[in-house]
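Participant: Have a look at this one before I ask anything.
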Amino acid sequence: MRSLLVAAVLIAGLVAPSARAAQIRHDAVINGIRLTYWTSRPITPTDVPVVFLHGGPGYNSYSFRMTAGQALDARYPMVYLDERGSGESERPWRGDYTLSTQMEDIEGLRRQLGVERMVLAGHSFGGTLAVEYAQTHPQRVARLILIDAAVDLPGALESWMQTLASQFPKAYAAAERSDAGKALRAVAPADTCALAHARMAFVGAGMATLPDGHAFHDRQQFHVMAAKQEQERLDAQSGLRNTGEIGAALMAPESNFICYSVHHPERLRMPTLVLVGAHDGAVGVAPQRELAARLPHATLVVLPGSAHFTYQEEPEAFLKAVNGFMQGN
């Protein structure tokens with residue numbers, strides 16, 4: 001899931017020119033690796049900064065910083081991290097991308113910033129990192145913002161199958177006839193991890209019959225195709241790319257990341273915004289609803305005109321939801 005963010009042309013009018021101060025780049029060795037991050041202004045020990053974690057895995061913070069970030073910078077002390085192996089940050093020579101290591105990266109960033117607490121905002125895979133950190137260090141998270149977050153991979157893969165069935169019915173039928181289809185039908189419904197693996201294989205079999213597999217992911221991620229074109233422009237402007245290294249590590253046979261879900265929702269007692277596009281076929285709407293229902297202080301916002309990139313396709317509604325949440329008690 002590549003991370004794509006708010007289109008600059010859509011929100012340019014939301015921020016006064018005088019509010020657009022230059023973001024400050026920082027490079028620091030954290031947890032044994034050089035991580036790059038940007039701040040909207042110098043962070044002080046009394047701040048509770050909003051730390052944005054991008055998706056991918058393996059994308060970068062550039063497009064968010066250049067678009068939605070411009071509006072958020074005017075209101076909050078913002079921090080934008082390029083995660084290990086992503087964007088401007090260093091690639092670990094040992095290839096260590098485990099979730100536990102990335103939790104150590106985020107905790108190291110908090111210490112580097114010199115703050116006691118943070119607001120964590122994560123998109124897609126960044127939502128996985130945000131919710132994992134919040135479960136591990138709940139006392140360090142003042143608020144949690146989950147944006148089209150990957151919080152239930154087996155549930156997300158069910159959404160992938162639905163996208164294949166509704167948008168590419170011939171490919172879905174071919175997958176049903178394949179060995180992957182037979183294997184999926186043999187999996188016990190209660191075995192969610194086995195289901196996740198089988199669903200991934202099923203979707204892969206269907207995608208293999210498509211002339212262009214990118215068309216499937218585009219349908220998952222975008223409701224407004226003009227947003228895709230703007231994201232491609234921003235990606236070209238950044239000069240950065242996703243190498244696929246992190247995704248390959250997380251999806252390796254020895255990894256069970258494909259089975260990931262939130263295991264300790266009882267620890268997430270901080271105010272939480274769960275925001276998702278109604279047409280999101282990448283992480284699915286149902287898993288977001290289910291997580292929000294399990295949290296004691298959650299606010300669920302479903303934006304009707306968006307897919308996986310709510311802040312790109314409905315920037316005003318996205319900012320209204322985030323600002324309203326941040327101003328709440």
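Labeling convention for the structure tokens: chains A, B, ... as they appear, residues from 1 per chain, ligands from 1 in order of appearance.
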Give me the residues within 10 Å of Ala186 in chain A as an NGL selection string, counting only C-alpha atoms and dropping any in the same chain fewer than 4 places off.
Facilitator: :A and (180-182 or 195 or 198)
Participant: So that I can see what lies close to range 155-163 of chain A, please list as a PyMOL selection string the residues with an atom at most 6 Å from it, counting only C-alpha atoms and leaving out residues fewer than 5 positions away in the same chain.
Facilitator: chain A and resi 281+283-284
Participant: Of the candidates A:Tyr97, A:Phe257, A:Tyr80, A:Phe168, which shows the shortest atom-to-atom distance to Ala121 in chain A, using only C-alpha atoms?
Facilitator: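 Using only C-alpha atoms, the shortest distance to Ala121 in chain A belongs to A:Tyr80.
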Participant: Which residues, written as a list in words, have at least one atom at most 7 Å from range 218-232 of chain A, with only C-alpha atoms counted and residues fewer than 2 positions away on the same chain left out?
Facilitator: Leu4, Leu5, Ala7, Thr163, His214, Ala215, Phe216, Leu234, Asp235, Ala236, His279, Asp280, Gly281, Ala282, Gly305, Ser306, Ala307, His308, Phe309, Gln312 and Glu313 of chain A
Participant: For those residues, write N, CA, C and O atoms to a file as an mmCIF file, in the first residue's frame.
Facilitator:
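Generated output (part.cif):
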```cif
data_model
loop_
_atom_site.group_PDB
_atom_site.id
_atom_site.type_symbol
_atom_site.label_atom_id
_atom_site.label_comp_id
_atom_site.auth_asym_id
_atom_site.auth_seq_id
_atom_site.Cartn_x
_atom_site.Cartn_y
_atom_site.Cartn_z
ATOM 1 N N LEU A 4 -0.168 7.868 -0.294
ATOM 2 C CA LEU A 4 -0.434 8.993 -1.164
ATOM 3 C C LEU A 4 -1.279 9.988 -0.403
ATOM 4 O O LEU A 4 -2.175 9.627 0.304
ATOM 5 N N LEU A 5 -1.029 11.301 -0.597
ATOM 6 C CA LEU A 5 -1.589 12.236 0.351
ATOM 7 C C LEU A 5 -2.250 13.420 -0.301
ATOM 8 O O LEU A 5 -2.394 13.500 -1.501
ATOM 9 N N ALA A 7 -3.711 16.570 -2.097
ATOM 10 C CA ALA A 7 -3.266 17.317 -3.268
ATOM 11 C C ALA A 7 -3.112 18.780 -2.944
ATOM 12 O O ALA A 7 -4.017 19.422 -2.426
ATOM 13 N N THR A 163 -13.145 -5.889 -3.808
ATOM 14 C CA THR A 163 -12.778 -5.016 -4.923
ATOM 15 C C THR A 163 -12.586 -5.836 -6.192
ATOM 16 O O THR A 163 -13.042 -5.447 -7.284
ATOM 17 N N HIS A 214 -1.672 -2.745 -11.806
ATOM 18 C CA HIS A 214 -1.786 -1.464 -11.118
ATOM 19 C C HIS A 214 -3.228 -0.974 -11.107
ATOM 20 O O HIS A 214 -3.637 -0.241 -10.210
ATOM 21 N N ALA A 215 -4.010 -1.381 -12.113
ATOM 22 C CA ALA A 215 -5.405 -0.934 -12.181
ATOM 23 C C ALA A 215 -6.181 -1.396 -10.952
ATOM 24 O O ALA A 215 -7.061 -0.677 -10.453
ATOM 25 N N PHE A 216 -5.854 -2.586 -10.451
ATOM 26 C CA PHE A 216 -6.526 -3.092 -9.254
ATOM 27 C C PHE A 216 -6.235 -2.197 -8.059
ATOM 28 O O PHE A 216 -7.156 -1.780 -7.344
ATOM 29 N N LEU A 234 3.404 14.767 -7.404
ATOM 30 C CA LEU A 234 4.133 15.018 -6.167
ATOM 31 C C LEU A 234 5.263 14.015 -5.972
ATOM 32 O O LEU A 234 6.357 14.363 -5.516
ATOM 33 N N ASP A 235 5.016 12.766 -6.311
ATOM 34 C CA ASP A 235 6.053 11.745 -6.174
ATOM 35 C C ASP A 235 7.237 12.060 -7.084
ATOM 36 O O ASP A 235 8.403 11.915 -6.686
ATOM 37 N N ALA A 236 6.942 12.484 -8.320
ATOM 38 C CA ALA A 236 8.023 12.840 -9.238
ATOM 39 C C ALA A 236 8.795 14.048 -8.711
ATOM 40 O O ALA A 236 10.029 14.103 -8.803
ATOM 41 N N HIS A 279 -15.013 4.510 0.363
ATOM 42 C CA HIS A 279 -14.688 3.629 -0.766
ATOM 43 C C HIS A 279 -13.300 3.000 -0.614
ATOM 44 O O HIS A 279 -12.740 2.525 -1.599
ATOM 45 N N ASP A 280 -12.770 2.985 0.585
ATOM 46 C CA ASP A 280 -11.424 2.467 0.807
ATOM 47 C C ASP A 280 -11.404 0.952 0.644
ATOM 48 O O ASP A 280 -11.925 0.222 1.477
ATOM 49 N N GLY A 281 -10.780 0.502 -0.443
ATOM 50 C CA GLY A 281 -10.650 -0.924 -0.680
ATOM 51 C C GLY A 281 -9.307 -1.471 -0.282
ATOM 52 O O GLY A 281 -9.040 -2.661 -0.468
ATOM 53 N N ALA A 282 -8.437 -0.613 0.261
ATOM 54 C CA ALA A 282 -7.104 -1.058 0.651
ATOM 55 C C ALA A 282 -7.087 -1.605 2.074
ATOM 56 O O ALA A 282 -6.499 -2.661 2.340
ATOM 57 N N GLY A 305 -16.835 10.672 0.019
ATOM 58 C CA GLY A 305 -16.314 10.834 -1.331
ATOM 59 C C GLY A 305 -14.878 10.420 -1.507
ATOM 60 O O GLY A 305 -14.225 10.862 -2.454
ATOM 61 N N SER A 306 -14.381 9.567 -0.607
ATOM 62 C CA SER A 306 -12.958 9.206 -0.620
ATOM 63 C C SER A 306 -12.771 7.699 -0.640
ATOM 64 O O SER A 306 -13.661 6.941 -0.247
ATOM 65 N N ALA A 307 -11.566 7.309 -1.049
ATOM 66 C CA ALA A 307 -11.134 5.923 -0.902
ATOM 67 C C ALA A 307 -10.040 5.890 0.166
ATOM 68 O O ALA A 307 -10.277 6.326 1.296
ATOM 69 N N HIS A 308 -8.850 5.437 -0.195
ATOM 70 C CA HIS A 308 -7.794 5.253 0.798
ATOM 71 C C HIS A 308 -7.098 6.552 1.188
ATOM 72 O O HIS A 308 -6.392 6.597 2.179
ATOM 73 N N PHE A 309 -7.312 7.614 0.423
ATOM 74 C CA PHE A 309 -6.593 8.869 0.662
ATOM 75 C C PHE A 309 -7.567 9.999 0.916
ATOM 76 O O PHE A 309 -7.756 10.901 0.114
ATOM 77 N N GLN A 312 -6.523 13.589 0.525
ATOM 78 C CA GLN A 312 -6.273 14.020 -0.841
ATOM 79 C C GLN A 312 -7.585 14.265 -1.575
ATOM 80 O O GLN A 312 -7.717 15.229 -2.316
ATOM 81 N N GLU A 313 -8.544 13.384 -1.389
ATOM 82 C CA GLU A 313 -9.782 13.465 -2.148
ATOM 83 C C GLU A 313 -10.821 14.392 -1.512
ATOM 84 O O GLU A 313 -11.656 14.959 -2.219
#
```
Participant: Expressed in Å to a single decimal, how great is the separation between CA of Asp96 in chain A and CA of Ala150 in chain A?
Facilitator: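 Calculated distance between CA of Asp96 in chain A and CA of Ala150 in chain A is 20.2 Å.
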Participant: Taking 6 positions as the minimum chain separation for residues in the same chain, which residues sit within 9 Å of range 243-251 of chain A when counting only C-alpha atoms? Answer as a list in words.
Facilitator: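 Returned residues: Met1, Gly56, Pro57, Gly58, Tyr59, Arg84, Gly85, Ser86, Gly95, Asp96, Tyr97, Thr98, Leu99, Phe257 and Ile258 of chain A.
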Participant: Using the chain letters and numbers from this document, which residues of range 157-274 of chain A does DSSP assign to strand (DSSP E or B), as a PyMOL selection string?
Facilitator: chain A and resi 261+272-274
Participant: Kindly save the residues from that selection, with N, CA and C atoms included, as an mmCIF file, in the first residue's frame.
Facilitator:
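Everything below was put into selection.cif:
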```
data_model
loop_
_atom_site.group_PDB
_atom_site.id
_atom_site.type_symbol
_atom_site.label_atom_id
_atom_site.label_comp_id
_atom_site.auth_asym_id
_atom_site.auth_seq_id
_atom_site.Cartn_x
_atom_site.Cartn_y
_atom_site.Cartn_z
ATOM 1 N N SER A 261 -3.481 -7.766 13.536
ATOM 2 C CA SER A 261 -4.660 -7.033 13.993
ATOM 3 C C SER A 261 -4.326 -6.447 15.360
ATOM 4 N N THR A 272 -9.263 8.855 20.482
ATOM 5 C CA THR A 272 -8.807 8.303 19.204
ATOM 6 C C THR A 272 -9.759 8.704 18.090
ATOM 7 N N LEU A 273 -9.191 9.219 17.010
ATOM 8 C CA LEU A 273 -9.952 9.496 15.798
ATOM 9 C C LEU A 273 -9.679 8.382 14.802
ATOM 10 N N VAL A 274 -10.739 7.703 14.363
ATOM 11 C CA VAL A 274 -10.639 6.679 13.326
ATOM 12 C C VAL A 274 -11.309 7.261 12.087
#
```
Participant: Write out as a PyMOL selection string which residues come within 12 Å of Met103 in chain A when counting only C-alpha atoms, dropping same-chain ones fewer than 6 positions away.
Facilitator: chain A and resi 30-31+53+83-84+97+109-110+126+128-137
Participant: Output as a short mmCIF file (atom, residue, chain, number, x, y, z; two decimals) with N, CA and C atoms, in the first residue's frame all residues of range 30-279 of chain A that backbone DSSP marks as alpha helix (DSSP H).
Facilitator:
```cif
data_model
loop_
_atom_site.label_atom_id
_atom_site.label_comp_id
_atom_site.auth_asym_id
_atom_site.auth_seq_id
_atom_site.Cartn_x
_atom_site.Cartn_y
_atom_site.Cartn_z
N TYR A 62 6.92 13.21 2.17
CA TYR A 62 7.02 14.42 1.34
C TYR A 62 5.65 14.98 0.96
N SER A 63 4.81 14.13 0.34
CA SER A 63 3.55 14.67 -0.16
C SER A 63 2.65 15.19 0.94
N PHE A 64 2.65 14.54 2.07
CA PHE A 64 1.84 15.05 3.19
C PHE A 64 2.39 16.38 3.69
N ARG A 65 3.69 16.47 3.82
CA ARG A 65 4.30 17.72 4.29
C ARG A 65 4.00 18.88 3.36
N MET A 66 3.99 18.59 2.06
CA MET A 66 3.80 19.64 1.07
C MET A 66 2.34 20.02 0.87
N ALA A 68 -1.30 18.64 3.05
CA ALA A 68 -2.04 18.76 4.31
C ALA A 68 -1.18 19.34 5.41
N GLY A 69 0.09 18.99 5.39
CA GLY A 69 0.99 19.50 6.42
C GLY A 69 1.05 21.01 6.47
N GLN A 70 0.90 21.66 5.34
CA GLN A 70 0.95 23.12 5.31
C GLN A 70 -0.19 23.71 6.14
N ALA A 71 -1.36 23.08 6.09
CA ALA A 71 -2.48 23.57 6.89
C ALA A 71 -2.29 23.22 8.37
N LEU A 72 -1.79 22.04 8.64
CA LEU A 72 -1.61 21.62 10.03
C LEU A 72 -0.48 22.38 10.71
N ASP A 73 0.55 22.73 9.95
CA ASP A 73 1.68 23.48 10.52
C ASP A 73 1.24 24.79 11.15
N LEU A 99 8.26 -4.83 13.53
CA LEU A 99 7.44 -3.83 14.21
C LEU A 99 8.07 -3.43 15.54
N SER A 100 8.65 -4.38 16.26
CA SER A 100 9.25 -4.05 17.55
C SER A 100 10.41 -3.08 17.38
N THR A 101 11.21 -3.25 16.34
CA THR A 101 12.31 -2.32 16.09
C THR A 101 11.77 -0.94 15.73
N GLN A 102 10.71 -0.90 14.95
CA GLN A 102 10.16 0.40 14.57
C GLN A 102 9.47 1.08 15.76
N MET A 103 9.00 0.31 16.73
CA MET A 103 8.51 0.91 17.97
C MET A 103 9.66 1.59 18.72
N GLU A 104 10.82 0.95 18.70
CA GLU A 104 12.00 1.55 19.33
C GLU A 104 12.41 2.83 18.61
N ASP A 105 12.24 2.86 17.29
CA ASP A 105 12.54 4.08 16.53
C ASP A 105 11.65 5.23 16.98
N ILE A 106 10.35 4.96 17.13
CA ILE A 106 9.42 6.02 17.51
C ILE A 106 9.67 6.49 18.93
N GLU A 107 9.97 5.56 19.82
CA GLU A 107 10.30 5.94 21.19
C GLU A 107 11.60 6.75 21.21
N GLY A 108 12.56 6.36 20.38
CA GLY A 108 13.80 7.12 20.28
C GLY A 108 13.56 8.52 19.74
N LEU A 109 12.63 8.64 18.80
CA LEU A 109 12.28 9.97 18.28
C LEU A 109 11.67 10.83 19.38
N ARG A 110 10.80 10.25 20.19
CA ARG A 110 10.21 11.02 21.30
C ARG A 110 11.30 11.55 22.22
N ARG A 111 12.26 10.71 22.53
CA ARG A 111 13.34 11.15 23.40
C ARG A 111 14.19 12.22 22.71
N GLN A 112 14.41 12.05 21.42
CA GLN A 112 15.18 13.04 20.67
C GLN A 112 14.47 14.39 20.68
N LEU A 113 13.15 14.37 20.59
CA LEU A 113 12.37 15.61 20.62
C LEU A 113 12.35 16.22 22.02
N PHE A 125 -0.04 1.97 6.59
CA PHE A 125 0.93 1.26 7.42
C PHE A 125 1.41 2.13 8.58
N GLY A 126 1.44 3.45 8.38
CA GLY A 126 1.77 4.34 9.50
C GLY A 126 0.75 4.23 10.62
N GLY A 127 -0.50 3.88 10.28
CA GLY A 127 -1.51 3.62 11.30
C GLY A 127 -1.19 2.38 12.10
N THR A 128 -0.63 1.35 11.45
CA THR A 128 -0.17 0.17 12.17
C THR A 128 0.88 0.56 13.21
N LEU A 129 1.86 1.36 12.77
CA LEU A 129 2.92 1.79 13.68
C LEU A 129 2.36 2.62 14.82
N ALA A 130 1.43 3.53 14.51
CA ALA A 130 0.86 4.40 15.53
C ALA A 130 0.11 3.59 16.58
N VAL A 131 -0.72 2.65 16.13
CA VAL A 131 -1.52 1.89 17.09
C VAL A 131 -0.66 0.92 17.88
N GLU A 132 0.39 0.38 17.26
CA GLU A 132 1.30 -0.49 17.99
C GLU A 132 2.04 0.29 19.08
N TYR A 133 2.53 1.47 18.73
CA TYR A 133 3.23 2.28 19.73
C TYR A 133 2.27 2.66 20.86
N ALA A 134 1.04 3.02 20.51
CA ALA A 134 0.07 3.42 21.53
C ALA A 134 -0.27 2.27 22.46
N GLN A 135 -0.27 1.03 21.96
CA GLN A 135 -0.50 -0.13 22.82
C GLN A 135 0.72 -0.41 23.71
N THR A 136 1.92 -0.13 23.17
CA THR A 136 3.15 -0.41 23.90
C THR A 136 3.48 0.68 24.92
N LEU A 153 -5.28 -6.78 9.04
CA LEU A 153 -4.87 -7.25 7.72
C LEU A 153 -5.79 -8.34 7.17
N PRO A 154 -6.21 -9.34 7.95
CA PRO A 154 -7.17 -10.30 7.39
C PRO A 154 -8.46 -9.62 6.92
N GLY A 155 -8.95 -8.64 7.69
CA GLY A 155 -10.14 -7.91 7.28
C GLY A 155 -9.89 -7.07 6.04
N ALA A 156 -8.71 -6.48 5.95
CA ALA A 156 -8.36 -5.70 4.76
C ALA A 156 -8.35 -6.57 3.52
N LEU A 157 -7.83 -7.78 3.66
CA LEU A 157 -7.75 -8.66 2.50
C LEU A 157 -9.13 -9.15 2.06
N GLU A 158 -10.06 -9.18 2.98
CA GLU A 158 -11.45 -9.45 2.57
C GLU A 158 -11.95 -8.32 1.68
N SER A 159 -11.57 -7.08 2.01
CA SER A 159 -11.93 -5.94 1.19
C SER A 159 -11.25 -6.03 -0.18
N TRP A 160 -10.03 -6.53 -0.22
CA TRP A 160 -9.35 -6.71 -1.51
C TRP A 160 -10.16 -7.67 -2.40
N MET A 161 -10.66 -8.73 -1.80
CA MET A 161 -11.45 -9.68 -2.57
C MET A 161 -12.74 -9.04 -3.08
N GLN A 162 -13.35 -8.21 -2.26
CA GLN A 162 -14.57 -7.52 -2.68
C GLN A 162 -14.30 -6.58 -3.85
N THR A 163 -13.15 -5.89 -3.81
CA THR A 163 -12.78 -5.02 -4.92
C THR A 163 -12.59 -5.84 -6.19
N LEU A 164 -11.91 -6.96 -6.07
CA LEU A 164 -11.70 -7.82 -7.24
C LEU A 164 -13.03 -8.30 -7.80
N ALA A 165 -13.95 -8.68 -6.93
CA ALA A 165 -15.24 -9.20 -7.38
C ALA A 165 -16.08 -8.12 -8.05
N SER A 166 -16.09 -6.91 -7.49
CA SER A 166 -16.97 -5.86 -8.01
C SER A 166 -16.39 -5.13 -9.21
N GLN A 167 -15.07 -4.96 -9.24
CA GLN A 167 -14.45 -4.17 -10.31
C GLN A 167 -13.85 -5.03 -11.42
N PRO A 169 -14.73 -8.65 -12.35
CA PRO A 169 -15.42 -9.93 -12.15
C PRO A 169 -14.81 -11.11 -12.91
N LYS A 170 -14.25 -10.86 -14.10
CA LYS A 170 -13.63 -11.96 -14.84
C LYS A 170 -12.38 -12.46 -14.12
N ALA A 171 -11.62 -11.53 -13.57
CA ALA A 171 -10.43 -11.93 -12.82
C ALA A 171 -10.82 -12.68 -11.55
N TYR A 172 -11.91 -12.25 -10.93
CA TYR A 172 -12.39 -12.94 -9.72
C TYR A 172 -12.82 -14.36 -10.07
N ALA A 173 -13.53 -14.52 -11.18
CA ALA A 173 -13.97 -15.85 -11.60
C ALA A 173 -12.78 -16.75 -11.90
N ALA A 174 -11.74 -16.18 -12.50
CA ALA A 174 -10.55 -16.97 -12.79
C ALA A 174 -9.87 -17.41 -11.49
N ALA A 175 -9.85 -16.53 -10.51
CA ALA A 175 -9.26 -16.88 -9.21
C ALA A 175 -10.06 -17.99 -8.54
N GLU A 176 -11.37 -17.94 -8.66
CA GLU A 176 -12.20 -18.99 -8.07
C GLU A 176 -11.88 -20.36 -8.67
N ARG A 177 -11.56 -20.39 -9.96
CA ARG A 177 -11.27 -21.66 -10.63
C ARG A 177 -9.83 -22.14 -10.37
N ASP A 179 -6.11 -22.93 -8.30
CA ASP A 179 -5.74 -23.67 -7.09
C ASP A 179 -5.90 -22.79 -5.85
N ALA A 180 -5.63 -21.49 -6.00
CA ALA A 180 -5.78 -20.58 -4.87
C ALA A 180 -7.24 -20.51 -4.42
N GLY A 181 -8.16 -20.57 -5.38
CA GLY A 181 -9.57 -20.57 -5.05
C GLY A 181 -9.97 -21.82 -4.29
N LYS A 182 -9.46 -22.95 -4.73
CA LYS A 182 -9.75 -24.21 -4.04
C LYS A 182 -9.17 -24.19 -2.62
N ALA A 183 -7.96 -23.66 -2.50
CA ALA A 183 -7.32 -23.60 -1.18
C ALA A 183 -8.09 -22.69 -0.23
N LEU A 184 -8.57 -21.57 -0.74
CA LEU A 184 -9.34 -20.65 0.09
C LEU A 184 -10.61 -21.30 0.62
N ARG A 185 -11.27 -22.03 -0.23
CA ARG A 185 -12.53 -22.67 0.19
C ARG A 185 -12.28 -23.75 1.25
N THR A 192 -8.23 -17.04 11.14
CA THR A 192 -8.07 -15.76 10.46
C THR A 192 -6.69 -15.61 9.81
N CYS A 193 -5.67 -16.17 10.43
CA CYS A 193 -4.33 -16.06 9.84
C CYS A 193 -4.25 -16.87 8.55
N ALA A 194 -4.74 -18.09 8.57
CA ALA A 194 -4.76 -18.89 7.35
C ALA A 194 -5.63 -18.23 6.28
N LEU A 195 -6.73 -17.62 6.71
CA LEU A 195 -7.59 -16.91 5.76
C LEU A 195 -6.84 -15.76 5.10
N ALA A 196 -6.06 -15.04 5.88
CA ALA A 196 -5.31 -13.91 5.32
C ALA A 196 -4.36 -14.39 4.23
N HIS A 197 -3.62 -15.45 4.51
CA HIS A 197 -2.69 -15.99 3.50
C HIS A 197 -3.46 -16.47 2.27
N ALA A 198 -4.57 -17.15 2.50
CA ALA A 198 -5.34 -17.69 1.38
C ALA A 198 -5.97 -16.57 0.55
N ARG A 199 -6.45 -15.52 1.22
CA ARG A 199 -7.03 -14.39 0.48
C ARG A 199 -5.98 -13.68 -0.36
N MET A 200 -4.78 -13.52 0.19
CA MET A 200 -3.70 -12.89 -0.57
C MET A 200 -3.38 -13.70 -1.82
N ALA A 201 -3.31 -15.02 -1.68
CA ALA A 201 -3.04 -15.88 -2.83
C ALA A 201 -4.17 -15.80 -3.85
N PHE A 202 -5.40 -15.75 -3.37
CA PHE A 202 -6.57 -15.66 -4.25
C PHE A 202 -6.53 -14.37 -5.06
N VAL A 203 -6.29 -13.25 -4.40
CA VAL A 203 -6.23 -11.97 -5.11
C VAL A 203 -5.06 -11.97 -6.10
N GLY A 204 -3.93 -12.55 -5.69
CA GLY A 204 -2.79 -12.65 -6.59
C GLY A 204 -3.11 -13.44 -7.84
N ALA A 205 -3.86 -14.53 -7.70
CA ALA A 205 -4.25 -15.33 -8.85
C ALA A 205 -5.16 -14.54 -9.78
N GLY A 206 -6.05 -13.75 -9.21
CA GLY A 206 -6.93 -12.92 -10.04
C GLY A 206 -6.17 -11.81 -10.74
N MET A 207 -5.28 -11.15 -10.00
CA MET A 207 -4.51 -10.05 -10.58
C MET A 207 -3.61 -10.52 -11.72
N HIS A 214 -1.67 -2.74 -11.81
CA HIS A 214 -1.79 -1.46 -11.12
C HIS A 214 -3.23 -0.97 -11.11
N ALA A 215 -4.01 -1.38 -12.11
CA ALA A 215 -5.41 -0.93 -12.18
C ALA A 215 -6.18 -1.40 -10.95
N PHE A 216 -5.85 -2.59 -10.45
CA PHE A 216 -6.53 -3.09 -9.25
C PHE A 216 -6.23 -2.20 -8.06
N HIS A 217 -4.97 -1.89 -7.82
CA HIS A 217 -4.61 -1.06 -6.68
C HIS A 217 -5.14 0.37 -6.81
N ASP A 218 -5.19 0.88 -8.04
CA ASP A 218 -5.75 2.21 -8.23
C ASP A 218 -7.22 2.25 -7.82
N ARG A 219 -7.96 1.20 -8.13
CA ARG A 219 -9.38 1.14 -7.75
C ARG A 219 -9.53 1.02 -6.24
N GLN A 220 -8.61 0.34 -5.59
CA GLN A 220 -8.65 0.23 -4.14
C GLN A 220 -8.43 1.58 -3.46
N GLN A 221 -7.51 2.35 -4.02
CA GLN A 221 -6.96 3.48 -3.31
C GLN A 221 -7.58 4.82 -3.67
N MET A 225 -10.03 9.79 -9.67
CA MET A 225 -8.80 9.46 -10.37
C MET A 225 -7.89 10.68 -10.55
N ALA A 226 -8.44 11.90 -10.52
CA ALA A 226 -7.59 13.09 -10.60
C ALA A 226 -6.62 13.15 -9.42
N ALA A 227 -7.01 12.58 -8.29
CA ALA A 227 -6.14 12.55 -7.11
C ALA A 227 -4.91 11.69 -7.38
N LYS A 228 -5.10 10.62 -8.12
CA LYS A 228 -3.97 9.75 -8.47
C LYS A 228 -2.96 10.53 -9.32
N GLN A 229 -3.44 11.29 -10.27
CA GLN A 229 -2.54 12.06 -11.13
C GLN A 229 -1.77 13.10 -10.33
N GLU A 230 -2.43 13.74 -9.37
CA GLU A 230 -1.73 14.73 -8.53
C GLU A 230 -0.68 14.06 -7.67
N GLN A 231 -1.00 12.87 -7.16
CA GLN A 231 -0.01 12.17 -6.34
C GLN A 231 1.21 11.79 -7.16
N GLU A 232 1.00 11.35 -8.38
CA GLU A 232 2.12 11.00 -9.23
C GLU A 232 3.01 12.22 -9.50
N ARG A 233 2.39 13.39 -9.63
CA ARG A 233 3.17 14.61 -9.82
C ARG A 233 4.01 14.90 -8.58
N LEU A 234 3.40 14.77 -7.40
CA LEU A 234 4.13 15.02 -6.17
C LEU A 234 5.26 14.01 -5.97
N ASP A 235 5.02 12.77 -6.31
CA ASP A 235 6.05 11.74 -6.17
C ASP A 235 7.24 12.06 -7.08
N ALA A 236 6.94 12.48 -8.32
CA ALA A 236 8.02 12.84 -9.24
C ALA A 236 8.80 14.05 -8.71
N GLN A 237 8.07 14.98 -8.13
CA GLN A 237 8.69 16.18 -7.59
C GLN A 237 9.61 15.85 -6.42
N SER A 238 9.25 14.85 -5.64
CA SER A 238 10.05 14.48 -4.46
C SER A 238 11.39 13.85 -4.84
N GLU A 245 11.61 -2.80 -0.33
CA GLU A 245 12.41 -3.60 0.60
C GLU A 245 11.65 -3.90 1.90
N ILE A 246 10.97 -2.89 2.42
CA ILE A 246 10.27 -3.07 3.71
C ILE A 246 9.08 -4.00 3.53
N GLY A 247 8.31 -3.78 2.46
CA GLY A 247 7.18 -4.66 2.21
C GLY A 247 7.60 -6.11 2.04
N ALA A 248 8.72 -6.32 1.35
CA ALA A 248 9.22 -7.68 1.15
C ALA A 248 9.62 -8.31 2.48
N ALA A 249 10.23 -7.51 3.36
CA ALA A 249 10.64 -8.04 4.67
C ALA A 249 9.42 -8.39 5.51
N LEU A 250 8.42 -7.53 5.51
CA LEU A 250 7.23 -7.76 6.33
C LEU A 250 6.38 -8.91 5.79
#
```
Participant: Can you work out the spacing between CA of His26 in chain A and CA of Leu144 in chain A in Å, to one decimal?
Facilitator: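 Spanning CA of His26 in chain A to CA of Leu144 in chain A is a straight-line distance of 23.6 Å.
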Participant: Using only C-alpha atoms, which protein or nucleic acid residues come within 9 Å of Gly114 in chain A? Drop anything in the same chain fewer than 6 positions from it, and give the result as a PyMOL selection string.
Facilitator: chain A and resi 43-46
Participant: For a test of reading the model, state the distance in Å between CA of Ile24 in chain A and CA of Gln139 in chain A, rounded to one decimal.
Facilitator: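 Taking CA of Ile24 in chain A and CA of Gln139 in chain A, their separation equals 27.4 Å.
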Participant: I need the residue nearest Ala142 in chain A from this list: A:Val79, A:Ala22, A:Leu303, A:Val51. Use only C-alpha atoms for the distance.
Facilitator: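 Of all the options, A:Val51 lies closest to Ala142 in chain A.
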